[in-house]
file protein02.pdb (PDB, C-alpha atoms)
ATOM      1  CA  MET K   1     225.741 150.459 -43.621
ATOM      2  CA  PRO K   2     223.614 147.281 -43.500
ATOM      3  CA  ASP K   3     224.466 144.878 -40.688
ATOM      4  CA  SER K   4     226.765 142.231 -42.196
ATOM      5  CA  THR K   5     225.255 139.532 -39.967
ATOM      6  CA  ALA K   6     221.776 140.035 -41.427
ATOM      7  CA  LEU K   7     220.891 137.913 -44.447
ATOM      8  CA  LEU K   8     219.361 140.338 -46.951
ATOM      9  CA  GLU K   9     219.345 138.056 -49.992
ATOM     10  CA  ALA K  10     219.456 134.277 -50.287
ATOM     11  CA  THR K  11     221.027 132.187 -53.029
ATOM     12  CA  LEU K  12     220.238 128.563 -53.804
ATOM     13  CA  GLU K  13     222.607 127.216 -56.424
ATOM     14  CA  GLY K  14     220.978 125.035 -59.051
ATOM     15  CA  PHE K  15     217.401 126.071 -58.291
ATOM     16  CA  PRO K  16     215.648 128.904 -60.156
ATOM     17  CA  LEU K  17     214.546 131.996 -58.293
ATOM     18  CA  VAL K  18     210.777 132.460 -58.572
ATOM     19  CA  ALA K  19     210.414 135.729 -56.678
ATOM     20  CA  ARG K  20     211.877 137.978 -54.020
ATOM     21  CA  GLY K  21     209.113 139.208 -51.749
ATOM     22  CA  LYS K  22     209.268 141.707 -48.928
ATOM     23  CA  VAL K  23     210.883 139.103 -46.681
ATOM     24  CA  ARG K  24     211.015 135.738 -48.446
ATOM     25  CA  ASP K  25     213.095 134.591 -51.394
ATOM     26  CA  ILE K  26     211.262 131.836 -53.249
ATOM     27  CA  PHE K  27     212.962 129.106 -55.291
ATOM     28  CA  ALA K  28     211.440 126.352 -57.426
ATOM     29  CA  ILE K  29     212.159 122.816 -56.206
ATOM     30  CA  GLY K  30     211.095 120.715 -59.166
ATOM     31  CA  ASP K  31     207.605 121.196 -60.545
ATOM     32  CA  ASP K  32     205.589 120.693 -57.383
ATOM     33  CA  HIS K  33     207.464 122.350 -54.515
ATOM     34  CA  LEU K  34     208.944 125.680 -53.503
ATOM     35  CA  ALA K  35     211.656 126.673 -51.032
ATOM     36  CA  LEU K  36     210.570 129.707 -48.997
ATOM     37  CA  VAL K  37     213.696 131.269 -47.500
ATOM     38  CA  ALA K  38     212.887 133.853 -44.836
ATOM     39  CA  THR K  39     215.606 136.485 -45.021
ATOM     40  CA  ASP K  40     216.307 139.108 -42.368
ATOM     41  CA  ARG K  41     214.803 141.861 -44.514
ATOM     42  CA  LEU K  42     212.291 144.096 -42.779
ATOM     43  CA  SER K  43     209.465 145.962 -44.474
ATOM     44  CA  ALA K  44     207.400 148.749 -42.994
ATOM     45  CA  PHE K  45     204.587 150.647 -44.692
ATOM     46  CA  ASP K  46     205.143 148.211 -47.607
ATOM     47  CA  VAL K  47     208.713 149.455 -48.135
ATOM     48  CA  ILE K  48     211.730 147.179 -47.682
ATOM     49  CA  LEU K  49     214.204 148.940 -45.389
ATOM     50  CA  PRO K  50     217.904 148.998 -46.297
ATOM     51  CA  ASN K  51     219.199 147.121 -43.257
ATOM     52  CA  GLY K  52     217.829 143.914 -41.809
ATOM     53  CA  VAL K  53     217.321 142.348 -38.394
ATOM     54  CA  PRO K  54     219.841 139.534 -37.797
ATOM     55  CA  GLY K  55     218.177 136.185 -37.063
ATOM     56  CA  LYS K  56     214.698 137.447 -37.865
ATOM     57  CA  GLY K  57     214.150 134.955 -40.678
ATOM     58  CA  GLU K  58     214.838 131.992 -38.421
ATOM     59  CA  ILE K  59     212.419 133.313 -35.796
ATOM     60  CA  LEU K  60     209.669 133.789 -38.387
ATOM     61  CA  THR K  61     210.219 130.299 -39.775
ATOM     62  CA  ARG K  62     210.138 128.634 -36.354
ATOM     63  CA  MET K  63     206.970 130.483 -35.425
ATOM     64  CA  SER K  64     205.222 129.701 -38.704
ATOM     65  CA  ARG K  65     206.124 126.023 -38.386
ATOM     66  CA  PHE K  66     204.669 126.051 -34.870
ATOM     67  CA  TRP K  67     201.361 127.564 -35.985
ATOM     68  CA  PHE K  68     201.089 125.469 -39.146
ATOM     69  CA  ASP K  69     201.364 122.357 -36.994
ATOM     70  CA  ALA K  70     198.910 123.663 -34.381
ATOM     71  CA  THR K  71     196.179 124.667 -36.855
ATOM     72  CA  ARG K  72     196.104 121.649 -39.190
ATOM     73  CA  GLU K  73     192.656 120.668 -37.937
ATOM     74  CA  ILE K  74     191.272 124.096 -38.884
ATOM     75  CA  VAL K  75     192.717 124.299 -42.394
ATOM     76  CA  PRO K  76     195.337 122.382 -44.408
ATOM     77  CA  ASN K  77     198.585 124.221 -45.087
ATOM     78  CA  HIS K  78     201.346 124.074 -47.658
ATOM     79  CA  LEU K  79     204.176 122.937 -45.350
ATOM     80  CA  THR K  80     205.871 119.586 -46.032
ATOM     81  CA  ASP K  81     208.123 117.491 -43.801
ATOM     82  CA  LEU K  82     211.083 118.046 -46.120
ATOM     83  CA  ARG K  83     214.103 120.111 -45.159
ATOM     84  CA  LEU K  84     216.211 122.187 -47.523
ATOM     85  CA  THR K  85     219.198 119.850 -47.233
ATOM     86  CA  ASP K  86     216.931 116.919 -48.149
ATOM     87  CA  VAL K  87     215.992 118.398 -51.512
ATOM     88  CA  ALA K  88     218.872 120.713 -52.415
ATOM     89  CA  GLY K  89     221.894 118.883 -51.032
ATOM     90  CA  ASP K  90     223.822 118.999 -47.763
ATOM     91  CA  THR K  91     226.130 121.890 -48.644
ATOM     92  CA  PRO K  92     227.461 124.585 -46.281
ATOM     93  CA  ASN K  93     225.162 127.188 -47.874
ATOM     94  CA  ASN K  94     222.096 124.984 -47.577
ATOM     95  CA  ARG K  95     222.894 124.048 -43.978
ATOM     96  CA  SER K  96     223.132 127.775 -43.155
ATOM     97  CA  LEU K  97     219.676 128.323 -44.669
ATOM     98  CA  ASN K  98     217.998 125.215 -43.241
ATOM     99  CA  GLU K  99     216.466 126.839 -40.158
ATOM    100  CA  ARG K 100     215.054 129.769 -42.112
ATOM    101  CA  THR K 101     213.600 127.709 -44.981
ATOM    102  CA  MET K 102     210.293 125.903 -45.466
ATOM    103  CA  ILE K 103     209.784 123.410 -48.290
ATOM    104  CA  VAL K 104     206.155 123.814 -49.307
ATOM    105  CA  ARG K 105     203.704 122.529 -51.867
ATOM    106  CA  LYS K 106     203.324 124.734 -54.923
ATOM    107  CA  LEU K 107     199.752 126.033 -54.995
ATOM    108  CA  ASN K 108     197.703 128.650 -56.825
ATOM    109  CA  PRO K 109     197.738 131.703 -54.511
ATOM    110  CA  LEU K 110     194.620 133.797 -54.036
ATOM    111  CA  PRO K 111     195.267 137.483 -54.940
ATOM    112  CA  MET K 112     194.279 138.876 -51.548
ATOM    113  CA  GLU K 113     195.265 139.143 -47.908
ATOM    114  CA  ALA K 114     192.846 137.879 -45.294
ATOM    115  CA  VAL K 115     193.076 140.363 -42.438
ATOM    116  CA  VAL K 116     191.340 139.764 -39.110
ATOM    117  CA  ARG K 117     191.106 142.557 -36.548
ATOM    118  CA  GLY K 118     190.278 142.034 -32.909
ATOM    119  CA  TYR K 119     191.245 145.551 -31.826
ATOM    120  CA  LEU K 120     190.959 149.034 -33.317
ATOM    121  CA  ILE K 121     194.465 149.956 -34.437
ATOM    122  CA  GLY K 122     196.547 150.754 -37.513
ATOM    123  CA  SER K 123     194.754 151.412 -40.794
ATOM    124  CA  GLY K 124     191.520 150.202 -39.178
ATOM    125  CA  TRP K 125     191.725 153.053 -36.679
ATOM    126  CA  LYS K 126     192.384 155.547 -39.483
ATOM    127  CA  ASP K 127     189.397 154.245 -41.479
ATOM    128  CA  TYR K 128     187.178 154.347 -38.393
ATOM    129  CA  ARG K 129     188.097 157.968 -37.649
ATOM    130  CA  GLN K 130     187.274 158.964 -41.223
ATOM    131  CA  SER K 131     184.084 156.975 -41.810
ATOM    132  CA  GLY K 132     183.054 155.183 -38.617
ATOM    133  CA  SER K 133     183.560 151.854 -40.383
ATOM    134  CA  ILE K 134     186.225 149.409 -41.536
ATOM    135  CA  CYS K 135     185.870 147.642 -44.900
ATOM    136  CA  GLY K 136     182.109 148.015 -44.826
ATOM    137  CA  HIS K 137     181.714 147.047 -41.154
ATOM    138  CA  GLN K 138     179.919 149.902 -39.383
ATOM    139  CA  LEU K 139     181.199 150.363 -35.819
ATOM    140  CA  PRO K 140     179.727 152.120 -32.764
ATOM    141  CA  SER K 141     180.695 155.739 -32.224
ATOM    142  CA  GLY K 142     182.997 156.739 -29.403
ATOM    143  CA  LEU K 143     185.538 153.938 -29.714
ATOM    144  CA  LYS K 144     189.103 154.698 -28.620
ATOM    145  CA  LEU K 145     192.441 153.792 -30.135
ATOM    146  CA  ALA K 146     193.273 150.139 -29.374
ATOM    147  CA  ASP K 147     189.793 149.349 -28.065
ATOM    148  CA  ARG K 148     188.829 145.699 -28.248
ATOM    149  CA  LEU K 149     186.110 145.152 -30.843
ATOM    150  CA  ALA K 150     182.844 143.508 -29.853
ATOM    151  CA  GLN K 151     183.783 140.679 -32.189
ATOM    152  CA  PRO K 152     186.721 140.107 -34.552
ATOM    153  CA  LEU K 153     186.248 141.567 -38.016
ATOM    154  CA  PHE K 154     187.305 140.047 -41.323
ATOM    155  CA  THR K 155     188.706 142.949 -43.358
ATOM    156  CA  PRO K 156     190.343 141.729 -46.572
ATOM    157  CA  ALA K 157     192.924 143.644 -48.572
ATOM    158  CA  THR K 158     194.433 143.528 -52.010
ATOM    159  CA  LYS K 159     197.769 141.762 -52.427
ATOM    160  CA  ALA K 160     200.025 144.511 -53.724
ATOM    161  CA  ALA K 161     203.299 144.066 -55.584
ATOM    162  CA  VAL K 162     206.496 144.717 -53.643
ATOM    163  CA  GLY K 163     206.813 148.470 -53.134
ATOM    164  CA  ASP K 164     203.111 149.146 -53.631
ATOM    165  CA  HIS K 165     200.575 149.556 -50.848
ATOM    166  CA  ASP K 166     197.882 147.019 -49.989
ATOM    167  CA  GLU K 167     194.358 148.454 -50.041
ATOM    168  CA  ASN K 168     191.479 147.515 -47.771
ATOM    169  CA  ILE K 169     188.458 146.192 -49.661
ATOM    170  CA  ASP K 170     184.921 145.202 -48.675
ATOM    171  CA  LEU K 171     183.372 141.731 -48.919
ATOM    172  CA  THR K 172     181.548 142.516 -52.156
ATOM    173  CA  THR K 173     184.810 143.464 -53.856
ATOM    174  CA  LEU K 174     186.465 140.334 -52.480
ATOM    175  CA  ALA K 175     183.647 138.150 -53.847
ATOM    176  CA  ASP K 176     184.121 139.751 -57.262
ATOM    177  CA  LEU K 177     187.849 139.062 -57.031
ATOM    178  CA  ILE K 178     187.916 135.392 -55.973
ATOM    179  CA  GLY K 179     184.294 134.246 -56.220
ATOM    180  CA  PRO K 180     181.504 134.354 -53.601
ATOM    181  CA  SER K 181     181.853 130.795 -52.280
ATOM    182  CA  VAL K 182     185.640 131.013 -51.931
ATOM    183  CA  ALA K 183     185.330 134.439 -50.282
ATOM    184  CA  ASP K 184     182.820 133.085 -47.735
ATOM    185  CA  GLU K 185     185.046 130.117 -46.909
ATOM    186  CA  VAL K 186     188.180 132.273 -46.604
ATOM    187  CA  GLN K 187     186.297 134.502 -44.179
ATOM    188  CA  ARG K 188     185.149 131.540 -42.074
ATOM    189  CA  ILE K 189     188.621 129.970 -41.959
ATOM    190  CA  SER K 190     190.357 133.286 -41.185
ATOM    191  CA  LEU K 191     188.070 134.030 -38.248
ATOM    192  CA  SER K 192     188.552 130.478 -36.926
ATOM    193  CA  LEU K 193     192.341 130.752 -37.184
ATOM    194  CA  TYR K 194     192.337 134.098 -35.423
ATOM    195  CA  ALA K 195     190.062 132.826 -32.645
ATOM    196  CA  TYR K 196     192.349 129.844 -32.041
ATOM    197  CA  GLY K 197     195.558 131.896 -32.147
ATOM    198  CA  ALA K 198     194.204 134.711 -29.977
ATOM    199  CA  ALA K 199     192.969 132.286 -27.299
ATOM    200  CA  PHE K 200     196.260 130.358 -27.317
ATOM    201  CA  ALA K 201     198.343 133.528 -27.055
ATOM    202  CA  SER K 202     196.119 135.068 -24.376
ATOM    203  CA  VAL K 203     197.005 132.479 -21.744
ATOM    204  CA  ARG K 204     200.680 133.157 -22.521
ATOM    205  CA  GLY K 205     200.405 136.876 -21.896
ATOM    206  CA  ILE K 206     200.119 138.045 -25.510
ATOM    207  CA  ILE K 207     197.235 139.866 -27.164
ATOM    208  CA  ILE K 208     197.043 139.245 -30.906
ATOM    209  CA  ALA K 209     195.443 142.527 -31.917
ATOM    210  CA  ASP K 210     195.200 141.691 -35.605
ATOM    211  CA  THR K 211     196.791 139.431 -38.181
ATOM    212  CA  LYS K 212     196.805 138.574 -41.857
ATOM    213  CA  PHE K 213     196.677 135.211 -43.592
ATOM    214  CA  GLU K 214     197.296 134.203 -47.164
ATOM    215  CA  PHE K 215     195.677 131.274 -48.927
ATOM    216  CA  GLY K 216     196.064 129.231 -52.077
ATOM    217  CA  LEU K 217     194.099 126.549 -53.879
ATOM    218  CA  ASP K 218     195.471 123.060 -54.435
ATOM    219  CA  GLN K 219     194.800 121.030 -57.579
ATOM    220  CA  ASP K 220     191.430 119.980 -56.163
ATOM    221  CA  GLY K 221     190.411 123.541 -55.331
ATOM    222  CA  VAL K 222     190.903 123.068 -51.570
ATOM    223  CA  ILE K 223     191.630 126.311 -49.717
ATOM    224  CA  THR K 224     195.061 125.987 -48.106
ATOM    225  CA  LEU K 225     196.984 128.255 -45.715
ATOM    226  CA  ILE K 226     200.253 129.497 -47.260
ATOM    227  CA  ASP K 227     203.106 131.958 -46.698
ATOM    228  CA  GLU K 228     203.433 132.524 -42.914
ATOM    229  CA  ALA K 229     201.080 132.356 -39.953
ATOM    230  CA  LEU K 230     200.640 134.469 -36.820
ATOM    231  CA  THR K 231     204.156 135.906 -36.740
ATOM    232  CA  PRO K 232     205.339 139.341 -35.549
ATOM    233  CA  ASP K 233     205.690 140.297 -39.228
ATOM    234  CA  SER K 234     202.085 139.445 -40.072
ATOM    235  CA  SER K 235     200.422 140.356 -36.768
ATOM    236  CA  ARG K 236     200.333 142.860 -33.955
ATOM    237  CA  PHE K 237     201.413 141.216 -30.692
ATOM    238  CA  TRP K 238     200.852 143.213 -27.504
ATOM    239  CA  PRO K 239     202.025 142.326 -23.975
ATOM    240  CA  ALA K 240     198.736 141.838 -22.115
ATOM    241  CA  LYS K 241     200.150 143.322 -18.897
ATOM    242  CA  ASP K 242     200.838 146.659 -20.630
ATOM    243  CA  TYR K 243     197.575 146.957 -22.563
ATOM    244  CA  ARG K 244     195.635 150.189 -22.022
ATOM    245  CA  PRO K 245     192.925 151.382 -24.448
ATOM    246  CA  GLY K 246     193.363 154.939 -25.663
ATOM    247  CA  SER K 247     197.035 154.711 -26.601
ATOM    248  CA  SER K 248     199.189 152.663 -28.955
ATOM    249  CA  PRO K 249     200.272 149.690 -26.830
ATOM    250  CA  ALA K 250     203.785 148.367 -26.443
ATOM    251  CA  SER K 251     204.365 145.537 -28.878
ATOM    252  CA  PHE K 252     206.413 142.470 -29.761
ATOM    253  CA  ASP K 253     206.173 143.212 -33.463
ATOM    254  CA  LYS K 254     206.999 145.687 -36.228
ATOM    255  CA  GLN K 255     204.980 148.440 -34.549
ATOM    256  CA  PHE K 256     208.185 149.267 -32.658
ATOM    257  CA  VAL K 257     209.805 150.019 -36.030
ATOM    258  CA  ARG K 258     206.747 151.837 -37.386
ATOM    259  CA  ASP K 259     206.651 154.085 -34.317
ATOM    260  CA  TYR K 260     210.291 155.029 -34.891
ATOM    261  CA  LEU K 261     209.698 155.701 -38.592
ATOM    262  CA  GLU K 262     206.734 157.951 -37.782
ATOM    263  CA  THR K 263     209.159 160.307 -36.016
ATOM    264  CA  LEU K 264     211.107 160.848 -39.253
ATOM    265  CA  ASP K 265     210.508 163.186 -42.151
ATOM    266  CA  TRP K 266     209.850 160.294 -44.570
ATOM    267  CA  ASP K 267     207.008 160.013 -47.082
ATOM    268  CA  LYS K 268     206.725 156.184 -46.750
ATOM    269  CA  THR K 269     207.973 155.538 -50.269
ATOM    270  CA  ALA K 270     211.178 153.792 -51.349
ATOM    271  CA  PRO K 271     213.951 154.107 -50.534
ATOM    272  CA  GLY K 272     213.320 153.660 -46.841
ATOM    273  CA  PRO K 273     215.569 155.053 -44.111
ATOM    274  CA  GLU K 274     218.219 152.941 -42.434
ATOM    275  CA  LEU K 275     217.352 151.813 -38.927
ATOM    276  CA  PRO K 276     219.744 152.736 -36.118
ATOM    277  CA  PRO K 277     221.334 149.884 -34.116
ATOM    278  CA  ALA K 278     219.088 150.466 -31.097
ATOM    279  CA  VAL K 279     215.937 149.941 -33.187
ATOM    280  CA  VAL K 280     217.393 146.821 -34.818
ATOM    281  CA  GLU K 281     218.384 145.370 -31.440
ATOM    282  CA  GLY K 282     215.030 146.286 -29.917
ATOM    283  CA  THR K 283     213.212 144.530 -32.753
ATOM    284  CA  THR K 284     215.301 141.376 -32.310
ATOM    285  CA  THR K 285     214.560 141.339 -28.583
ATOM    286  CA  ARG K 286     210.822 141.685 -29.144
ATOM    287  CA  TYR K 287     210.685 138.934 -31.775
ATOM    288  CA  GLU K 288     212.706 136.570 -29.592
ATOM    289  CA  GLU K 289     210.478 137.201 -26.582
ATOM    290  CA  ALA K 290     207.313 136.573 -28.603
ATOM    291  CA  LEU K 291     208.710 133.272 -29.880
ATOM    292  CA  SER K 292     209.739 132.199 -26.395
ATOM    293  CA  LEU K 293     206.370 133.028 -24.825
ATOM    294  CA  LEU K 294     204.321 131.340 -27.543
ATOM    295  CA  THR K 295     206.322 128.165 -28.007
ATOM    296  CA  ALA K 296     207.412 127.464 -24.417
ATOM    297  CA  SER K 297     206.254 124.098 -23.104
ATOM    298  CA  ASP K 298     203.395 124.247 -20.619
TER     299      ASP K 298
END

call {"tool": "encode", "arguments": {"input": "protein02.pdb", "output": "structure tokens"}}
result
Amino acid sequence: MPDSTALLEATLEGFPLVARGKVRDIFAIGDDHLALVATDRLSAFDVILPNGVPGKGEILTRMSRFWFDATREIVPNHLTDLRLTDVAGDTPNNRSLNERTMIVRKLNPLPMEAVVRGYLIGSGWKDYRQSGSICGHQLPSGLKLADRLAQPLFTPATKAAVGDHDENIDLTTLADLIGPSVADEVQRISLSLYAYGAAFASVRGIIIADTKFEFGLDQDGVITLIDEALTPDSSRFWPAKDYRPGSSPASFDKQFVRDYLETLDWDKTAPGPELPPAVVEGTTTRYEEALSLLTASD
């Protein structure tokens, strides 16, 4: 049975539900703002699993707030200074959701995910083994699993509906999708964000192997960072002390869950299998440690 302490679905009385994503429930706050409530749902292989990870939504929200604040000079983001209780009322339900909710500007989202890879892992490793390239980037032969790439690669993907699988695309396809100038600028910003985040995390003992960003356009057409940023849900975080090329490294992120799921006889389509308590607890521990390492005062 799902853990009763995990929030799997949020309600916000008096405000219309816009969408339920893989993790976030989104509510309209007037015409110009949204409430993004990070639940404790967990998705893997683009499938939402039946039981959640208690407290995960609060961790993701705290980490995203941290990175949004730290990267404002690289790119504007959608986060406002408002809290849920400021805009929706100081009720017991809203107070319980405050720490897992971001009030953000309503923007026009770009229909893509901006993936940056610094290491050869995941679907990038699978593509490399099949073709020697990732999203049109030809790579040297002889690379090993989890090898560090000579330079980070921008490897965009489609933004699939919940339950469907994202697909890697090349830069030409991306330009056709969102326009050449926007595609070029998204690539530049994504690589800059990754470089900043990877350098920051490195001195705190974390390797950010890869990550994904999402962007929207404001009313003036300005590219703006949205959704989440550099969290264990959107990135691969590896403990630097345990990193060894040639094997799948230990991680602070969902790879722990993926590794467990790979041991099962499951075809990676819904419904997903329920996670045992040990995997849930292990995931919580890893997320908490990543947050502590990244946000600790120097």

call {"tool": "resolve_selection", "arguments": {"input": "protein02.pdb", "expression": "the PyMOL selection byres ((chain K and resi 170) around 8)", "output": "short mmCIF file (atom, residue, chain, number, x, y, z; two decimals) with C-alpha atoms, in the coordinates of the input"}}
result
data_model
loop_
_atom_site.label_atom_id
_atom_site.label_comp_id
_atom_site.auth_asym_id
_atom_site.auth_seq_id
_atom_site.Cartn_x
_atom_site.Cartn_y
_atom_site.Cartn_z
CA CYS K 135 185.87 147.64 -44.90
CA GLY K 136 182.11 148.01 -44.83
CA THR K 155 188.71 142.95 -43.36
CA PRO K 156 190.34 141.73 -46.57
CA ASN K 168 191.48 147.51 -47.77
CA ILE K 169 188.46 146.19 -49.66
CA LEU K 171 183.37 141.73 -48.92
CA THR K 172 181.55 142.52 -52.16
CA THR K 173 184.81 143.46 -53.86
CA LEU K 174 186.46 140.33 -52.48
#

call {"tool": "resolve_selection", "arguments": {"input": "protein02.pdb", "expression": "the PyMOL selection byres ((chain K and resi 177-180) around 12)", "output": "number ranges by chain"}}
result
K: 108-113, 156-159, 169-176, 181-187, 215-217, 223

call {"tool": "atom_distance", "arguments": {"input": "protein02.pdb", "atom1": "atom CA of Phe66 of chain K", "atom2": "atom CA of Ser292 of chain K"}}
result
11.6 Å

call {"tool": "closest_residue", "arguments": {"input": "protein02.pdb", "among": "K:Lys212, K:Arg204, K:Lys106, K:Arg258", "to": "Ile26 of chain K", "atoms": "all atoms listed in the file"}}
result
K:Lys106

call {"tool": "closest_atom_pairs", "arguments": {"input": "protein02.pdb", "of": "segment 137-236 of chain K", "to": "segment 248-253 of chain K", "cutoff": "9 Å", "atoms": "all atoms listed in the file", "output": "Markdown table"}}
result
| residue | atom | partner | partner_atom | distance |
| --- | --- | --- | --- | --- |
| K:Leu145 | CA | K:Ser248 | CA | 6.9 |
| K:Ala146 | CA | K:Ser248 | CA | 6.4 |
| K:Ile206 | CA | K:Phe252 | CA | 8.8 |
| K:Thr231 | CA | K:Asp253 | CA | 8.3 |
| K:Pro232 | CA | K:Asp253 | CA | 4.5 |
| K:Asp233 | CA | K:Asp253 | CA | 6.5 |
| K:Ser234 | CA | K:Asp253 | CA | 8.6 |
| K:Ser235 | CA | K:Asp253 | CA | 7.2 |
| K:Arg236 | CA | K:Asp253 | CA | 5.9 |

call {"tool": "write_last_selection", "arguments": {"input": "protein02.pdb", "atoms": "C-alpha atoms", "output": "compact mmCIF listing (two decimals), in the frame of the given file"}}
result
# COMPACT_ATOMS: atom_id res chain seq x y z
CA LEU K 145 192.44 153.79 -30.14
CA ALA K 146 193.27 150.14 -29.37
CA ILE K 206 200.12 138.04 -25.51
CA THR K 231 204.16 135.91 -36.74
CA PRO K 232 205.34 139.34 -35.55
CA ASP K 233 205.69 140.30 -39.23
CA SER K 234 202.08 139.44 -40.07
CA SER K 235 200.42 140.36 -36.77
CA ARG K 236 200.33 142.86 -33.96

call {"tool": "closest_residue", "arguments": {"input": "protein02.pdb", "among": "K:Thr263, K:Ser133, K:Gln255, K:Ser43", "to": "Arg286 of chain K", "atoms": "all atoms listed in the file"}}
result
K:Gln255

call {"tool": "atom_distance", "arguments": {"input": "protein02.pdb", "atom1": "atom CA of Val47 of chain K", "atom2": "atom CA of Glu9 of chain K"}}
result
15.7 Å

call {"tool": "closest_residue", "arguments": {"input": "protein02.pdb", "among": "K:Glu274, K:Glu99, K:Glu262, K:Asp218", "to": "Arg65 of chain K", "atoms": "all atoms listed in the file"}}
result
K:Glu99

call {"tool": "atom_distance", "arguments": {"input": "protein02.pdb", "atom1": "atom CA of Tyr128 of chain K", "atom2": "atom CA of Trp238 of chain K"}}
result
20.7 Å

call {"tool": "residues_around", "arguments": {"input": "protein02.pdb", "residues": "Asp147 of chain K", "least_positions_apart": "5", "cutoff": "12 Å", "atoms": "only C-alpha atoms", "output": "PyMOL selection string"}}
result
chain K and resi 117-122+124-125+128+139-142+152+209+243-249

call {"tool": "closest_residue", "arguments": {"input": "protein02.pdb", "among": "K:Leu34, K:Val53, K:Ala44, K:Leu82", "to": "Thr5 of chain K", "atoms": "all atoms listed in the file"}}
result
K:Val53

call {"tool": "resolve_selection", "arguments": {"input": "protein02.pdb", "expression": "the PyMOL selection byres ((chain K and resi 88) around 12)", "output": "VMD selection string"}}
result
chain K and resid 11 to 16 27 to 30 33 to 35 82 to 87 89 to 95 97 to 98 101 103

call {"tool": "residues_around", "arguments": {"input": "protein02.pdb", "residues": "Val23 of chain K", "least_positions_apart": "5", "cutoff": "9 Å", "atoms": "only C-alpha atoms", "output": "ChimeraX atom specification"}}
result
/K:8,37-43,48,57

call {"tool": "closest_residue", "arguments": {"input": "protein02.pdb", "among": "K:Gln151, K:Thr224, K:Thr211, K:Thr269", "to": "Leu79 of chain K", "atoms": "all atoms listed in the file"}}
result
K:Thr224

call {"tool": "axis_aligned_box", "arguments": {"input": "protein02.pdb", "around": "segment 19-24 of chain K", "padding_each_side": "6 Å", "output": "JSON"}}
result
{"center_x": 210.5, "center_y": 138.7, "center_z": -51.7, "size_x": 14.8, "size_y": 18.0, "size_z": 22.0}

call {"tool": "closest_residue", "arguments": {"input": "protein02.pdb", "among": "K:Arg148, K:Arg62, K:His78, K:Lys56", "to": "Leu294 of chain K", "atoms": "all atoms listed in the file"}}
result
K:Arg62

call {"tool": "residues_around", "arguments": {"input": "protein02.pdb", "residues": "Met63 of chain K", "least_positions_apart": "6", "cutoff": "8 Å", "atoms": "only C-alpha atoms", "output": "MDAnalysis selection string"}}
result
chainID K and resid 229:231 291 295

call {"tool": "write_last_selection", "arguments": {"input": "protein02.pdb", "atoms": "C-alpha atoms", "output": "PDB file, in the coordinates of the input"}}
result
ATOM      1  CA  ALA K 229     201.080 132.356 -39.953  1.00  0.00           C
ATOM      2  CA  LEU K 230     200.640 134.469 -36.820  1.00  0.00           C
ATOM      3  CA  THR K 231     204.156 135.906 -36.740  1.00  0.00           C
ATOM      4  CA  LEU K 291     208.710 133.272 -29.880  1.00  0.00           C
ATOM      5  CA  THR K 295     206.322 128.165 -28.007  1.00  0.00           C
TER       6      THR K 295
END
